[in-house]
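**Student:** Shown below is the structure under consideration.
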Amino acid sequence: MTDSVLDDYIARFSRWGKWGEHDQLGAMNLVGPDQVRAAAALIRDGQVISLTLPYDQAGPQPGGLRSNPQLVTTATGTDHLAGVQEKVLSTFGPTGEFGFSDDMIVMGTQCGTQWDALSHIFHKGKMWNGYSAAEHTSNGAFRNGIQHWSDRMVLRAVLVDLPARRQVASLDPGYAITVEDLEDALTAQGATVQPGDALIVRTGQLGARRGNWGDYAGGAAPGLSLHTVPWLYEREVAAVAADTWGVEVRPNEIETFQPWHQVALVHMGLAVGEMFDLDALSVACAADGRYEFMLAASPLPITGAVGSPVAAVAIR
């Protein structure tokens with residue numbers, strides 16, 4: 001394939017201007033009250049399954065571009081026992097036996113389970129809806145910041161469990177997931193994709209690398225083929241999340257870095273979720289044959305951020 005494929009897909013599937021010249025929601029415009037009610041209707045047992053990796057030093061980031069989170073304690077239980085908090089607390093009046101602990105976290109907004117904001121990726125100097133890359137500065141994103149989705153990420157979701165379908169632990173690194181793969185798994189699972197859904201794609205790579213990450217962050221990985229773009233567009237999928245570092249197949253299929261992102265995120269406005277932990281969800285879905293569920297995965301409303309950590313849960 002050549003870059004002409006990328007240009008063709010952008011020309012055919014761009015949604016710039018579809019929801020107005022000032023839009024900053026992208027495909028999340030496809031999710032409204034009807035879609036949220038449809039998601040809630042999928043809850044039968046009240047089962048809640050976390051889809052989020054722990055935010056700690058055992059995460060997948062190797063350092064350099066991104067590092068794993070660092071928890072910094074600023075007040076400790078041992079401080080309290082040593083009596084060193086008395087002076088700090090004295091401005092509030094008598095402290096009695098009161099003691100406290102406090103901490104802070106130092107982390108990149110995209111170092112673990114997270115959503116990419118529509119300001120995260122540029123193509124030819126533009127981000128979603130044609131806004132200039134100049135709209136992102138040292139002060140953050142003036143347009144398309146992650147805060148615009150803070151009340152949007154409650155969706156009807158469908159798990160596509162490809163390793164389970166193939167009876168393998170994980171798809172091979174570099175395997176490009178096709179439309180045929182997606183439709184075969186959906187048919188076998190008895191699941192359907194509806195407009196405004198989140199498509200949750202399990203490759204098995206996160207589980208296979210857990211605790212021994214190697215080149216998980218940025219290396220060869222199974223993922224969506226660039227050729228899934230027309231299918232996602234036609235079915236009006238609002239969000240795609242996967243258990244890999246970058247959702248799309250790596251190495252990339254053309255001589256352009258992350259071409260699926262350039263079409264799906266920049267031009268179609270999809271919400272893209274990365275490093276979702278889907279193994280426990282896979283077990284639950286296989287146990288009762290239900291692969292459709294409510295996804296609650298609101299980003300932190302960090303004004304101007306280009307991504308956000310998320311405490312994502314599947315509710316069934």
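For the structure tokens, the naming scheme is as follows: chains receive sequential letters (A, B, ...) according to their order of presentation, residues are indexed from 1 within each chain, and ligands are indexed from 1 in presentation order.
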I need the residues in region 98-181 of chain A that are alpha helix (DSSP H) according to DSSP; give them as a list in words.
**Tutor:** Leu162, Pro163, Ala164, Arg165, Arg166, Val179, Glu180 and Asp181 of chain A
**Student:** Which residues of region 9-75 of chain A have any atom within 10 Å of an atom in region 216-234 of chain A when counting only C-alpha atoms, and what is the closest pair of atoms for each, with the distance in Å to one decimal? Order the rows by chain and rising number and write it as CSV.
**Tutor:**
residue,atom,partner,partner_atom,distance
A:Tyr9,CA,A:Val229,CA,7.6
A:Ile10,CA,A:Val229,CA,9.6
A:Arg12,CA,A:Pro230,CA,8.7
A:Phe13,CA,A:Tyr233,CA,6.8
A:Ser14,CA,A:Tyr233,CA,9.2
A:Arg15,CA,A:Tyr233,CA,9.5
A:Ala27,CA,A:Tyr233,CA,9.7
A:Pro60,CA,A:Ala217,CA,6.4
A:Gln61,CA,A:Ala217,CA,6.1
A:Pro62,CA,A:Ala217,CA,7.3
A:Gly63,CA,A:Ala217,CA,9.8
A:Arg66,CA,A:Ala217,CA,9.2
**Student:** In terms of the shortest atom-to-atom distance over only C-alpha atoms, which of A:Ile254, A:Leu89, A:Val313, A:Ala198 is closest to Ser4 (chain A)?
**Tutor:**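 Once distances to Ser4 (chain A) are computed over only C-alpha atoms, the minimum belongs to A:Ile254.
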**Student:** Could you list, as a ChimeraX atom specification, every residue within 9 Å of Gly190 (chain A), counting only C-alpha atoms and ignoring same-chain residues fewer than 5 positions away?
**Tutor:** /A:185,289-291
**Student:** Keeping only all heavy atoms, write the selected residues to a file as a PDB file, in the first residue's frame.
**Tutor:**
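Contents of again35.pdb, as written:
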ATOM      1  N   ALA A 185     -15.782 -12.661  14.260  1.00  0.00           N
ATOM      2  CA  ALA A 185     -15.871 -12.747  15.720  1.00  0.00           C
ATOM      3  C   ALA A 185     -17.230 -12.275  16.220  1.00  0.00           C
ATOM      4  O   ALA A 185     -17.835 -12.902  17.109  1.00  0.00           O
ATOM      5  CB  ALA A 185     -14.757 -11.928  16.359  1.00  0.00           C
ATOM      6  N   GLY A 289     -21.705 -15.791  27.530  1.00  0.00           N
ATOM      7  CA  GLY A 289     -22.022 -15.560  26.125  1.00  0.00           C
ATOM      8  C   GLY A 289     -22.550 -14.177  25.811  1.00  0.00           C
ATOM      9  O   GLY A 289     -23.093 -13.945  24.725  1.00  0.00           O
ATOM     10  N   ARG A 290     -22.364 -13.223  26.726  1.00  0.00           N
ATOM     11  CA  ARG A 290     -22.822 -11.847  26.492  1.00  0.00           C
ATOM     12  C   ARG A 290     -21.616 -10.936  26.270  1.00  0.00           C
ATOM     13  O   ARG A 290     -20.798 -10.767  27.169  1.00  0.00           O
ATOM     14  CB  ARG A 290     -23.648 -11.339  27.678  1.00  0.00           C
ATOM     15  CG  ARG A 290     -24.978 -12.063  27.829  1.00  0.00           C
ATOM     16  CD  ARG A 290     -25.849 -11.400  28.886  1.00  0.00           C
ATOM     17  NE  ARG A 290     -25.363 -11.647  30.245  1.00  0.00           N
ATOM     18  CZ  ARG A 290     -25.039 -10.691  31.115  1.00  0.00           C
ATOM     19  NH1 ARG A 290     -25.140  -9.416  30.768  1.00  0.00           N
ATOM     20  NH2 ARG A 290     -24.635 -11.000  32.325  1.00  0.00           N
ATOM     21  N   TYR A 291     -21.521 -10.372  25.086  1.00  0.00           N
ATOM     22  CA  TYR A 291     -20.370  -9.566  24.701  1.00  0.00           C
ATOM     23  C   TYR A 291     -20.713  -8.085  24.553  1.00  0.00           C
ATOM     24  O   TYR A 291     -19.870  -7.304  24.141  1.00  0.00           O
ATOM     25  CB  TYR A 291     -19.766 -10.106  23.406  1.00  0.00           C
ATOM     26  CG  TYR A 291     -19.071 -11.440  23.605  1.00  0.00           C
ATOM     27  CD1 TYR A 291     -19.790 -12.633  23.629  1.00  0.00           C
ATOM     28  CD2 TYR A 291     -17.701 -11.502  23.813  1.00  0.00           C
ATOM     29  CE1 TYR A 291     -19.164 -13.848  23.837  1.00  0.00           C
ATOM     30  CE2 TYR A 291     -17.053 -12.716  24.019  1.00  0.00           C
ATOM     31  CZ  TYR A 291     -17.792 -13.887  24.025  1.00  0.00           C
ATOM     32  OH  TYR A 291     -17.170 -15.090  24.237  1.00  0.00           O
TER      33      TYR A 291
END
**Student:** Please identify the strand (DSSP E) residues within region 65-157 of chain A (assignment by DSSP from backbone atoms) and present them as a list of chain:residue names.
**Tutor:**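 The strand (DSSP E) residues within region 65-157 of chain A come out as A:Gln70, A:Leu71, A:Val72, A:Thr73, A:Thr74, A:Ala75, A:Asp102, A:Asp103, A:Met104, A:Ile105, A:Val106, A:Gln114, A:Trp115, A:Asp116, A:His136, A:Thr137, A:Gly140, A:Ala141, A:Val154, A:Leu155, A:Arg156, A:Ala157.
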**Student:** Go ahead and write the residues just picked, C-alpha atoms, as a short mmCIF file (atom, residue, chain, number, x, y, z; two decimals), in the first residue's frame.
**Tutor:**
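New file out.cif:
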data_model
loop_
_atom_site.label_atom_id
_atom_site.label_comp_id
_atom_site.auth_asym_id
_atom_site.auth_seq_id
_atom_site.Cartn_x
_atom_site.Cartn_y
_atom_site.Cartn_z
CA GLN A 70 5.41 7.95 40.31
CA LEU A 71 3.53 8.21 43.59
CA VAL A 72 5.09 10.85 45.84
CA THR A 73 4.01 10.90 49.49
CA THR A 74 3.92 14.37 51.00
CA ALA A 75 2.61 13.44 54.46
CA ASP A 102 -1.25 12.98 51.68
CA ASP A 103 0.33 12.28 48.34
CA MET A 104 0.68 13.42 44.76
CA ILE A 105 1.26 11.62 41.49
CA VAL A 106 3.68 12.49 38.71
CA GLN A 114 -6.19 6.26 28.57
CA TRP A 115 -8.16 8.11 25.92
CA ASP A 116 -6.51 10.10 23.16
CA HIS A 136 -1.93 23.62 20.82
CA THR A 137 0.79 25.50 22.69
CA GLY A 140 -2.23 23.11 26.28
CA ALA A 141 -4.93 22.60 23.68
CA VAL A 154 -20.87 6.31 28.96
CA LEU A 155 -21.55 4.11 25.96
CA ARG A 156 -22.99 0.88 24.72
CA ALA A 157 -19.92 -1.26 24.03
#
**Student:** Excluding Asn68 (chain A) and its own-chain neighbours fewer than 4 positions away, which residues fall within 7 Å of it when counting only C-alpha atoms? Please give them as a list in words.
**Tutor:**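 Near Asn68 (chain A), the qualifying residues are Asp56, Gln57, Gly59, Gln61, Met107 and Cys111 of chain A.
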**Student:** Keeping all heavy atoms for every residue in the selection just given, could you write it to a file as an mmCIF file, in the first residue's frame?
**Tutor:**
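again26.cif written:
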data_model
loop_
_atom_site.group_PDB
_atom_site.id
_atom_site.type_symbol
_atom_site.label_atom_id
_atom_site.label_comp_id
_atom_site.auth_asym_id
_atom_site.auth_seq_id
_atom_site.Cartn_x
_atom_site.Cartn_y
_atom_site.Cartn_z
ATOM 1 N N ASP A 56 1.181 2.571 38.376
ATOM 2 C CA ASP A 56 2.326 2.417 39.270
ATOM 3 C C ASP A 56 3.589 2.178 38.452
ATOM 4 O O ASP A 56 3.567 2.214 37.221
ATOM 5 C CB ASP A 56 2.084 1.291 40.288
ATOM 6 C CG ASP A 56 1.798 -0.066 39.628
ATOM 7 O OD1 ASP A 56 2.305 -0.319 38.513
ATOM 8 O OD2 ASP A 56 1.065 -0.877 40.221
ATOM 9 N N GLN A 57 4.672 1.911 39.141
ATOM 10 C CA GLN A 57 5.966 1.758 38.476
ATOM 11 C C GLN A 57 6.103 0.434 37.719
ATOM 12 O O GLN A 57 7.087 0.229 37.008
ATOM 13 C CB GLN A 57 7.093 1.884 39.504
ATOM 14 C CG GLN A 57 7.362 3.319 39.929
ATOM 15 C CD GLN A 57 8.088 4.096 38.848
ATOM 16 O OE1 GLN A 57 9.248 3.841 38.563
ATOM 17 N NE2 GLN A 57 7.409 5.052 38.238
ATOM 18 N N GLY A 59 4.164 -0.465 35.305
ATOM 19 C CA GLY A 59 3.444 -0.304 34.057
ATOM 20 C C GLY A 59 4.290 -0.543 32.822
ATOM 21 O O GLY A 59 5.467 -0.895 32.907
ATOM 22 N N GLN A 61 5.493 1.465 30.402
ATOM 23 C CA GLN A 61 6.327 2.488 29.771
ATOM 24 C C GLN A 61 7.814 2.269 30.067
ATOM 25 O O GLN A 61 8.203 2.052 31.214
ATOM 26 C CB GLN A 61 5.898 3.874 30.241
ATOM 27 C CG GLN A 61 4.459 4.217 29.933
ATOM 28 C CD GLN A 61 4.142 4.226 28.444
ATOM 29 O OE1 GLN A 61 5.026 4.372 27.604
ATOM 30 N NE2 GLN A 61 2.871 4.067 28.112
ATOM 31 N N MET A 107 2.839 11.903 36.508
ATOM 32 C CA MET A 107 2.592 10.947 35.427
ATOM 33 C C MET A 107 2.211 11.672 34.151
ATOM 34 O O MET A 107 1.672 12.786 34.174
ATOM 35 C CB MET A 107 1.458 9.988 35.807
ATOM 36 C CG MET A 107 0.119 10.655 36.047
ATOM 37 S SD MET A 107 -1.176 9.534 36.637
ATOM 38 C CE MET A 107 -1.467 8.528 35.183
ATOM 39 N N CYS A 111 0.220 7.535 29.963
ATOM 40 C CA CYS A 111 1.201 6.509 30.314
ATOM 41 C C CYS A 111 0.576 5.159 30.605
ATOM 42 O O CYS A 111 1.271 4.138 30.651
ATOM 43 C CB CYS A 111 2.042 6.965 31.498
ATOM 44 S SG CYS A 111 1.131 7.134 33.031
#
**Student:** Rank A:Thr91, A:Gln167, A:Thr187, A:Gln110 by their smallest atom-to-atom distance to Glu274 (chain A), using only C-alpha atoms, and report the top residue only.
**Tutor:**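 Once distances to Glu274 (chain A) are computed over only C-alpha atoms, the minimum belongs to A:Gln110.
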**Student:** Which residue is closest to Thr256 (chain A)? Choose from A:Met268, A:His123, A:Ser298, A:Thr76 and count only C-alpha atoms.
**Tutor:**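 Residue with the minimum atom-to-atom distance to Thr256 (chain A): A:His123.
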**Student:** Go ahead and compute the interatomic distance for CA of Leu186 (chain A) and CA of Asp172 (chain A), in Å to one decimal.
**Tutor:**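 Between these atoms lies a distance of 20.1 Å.
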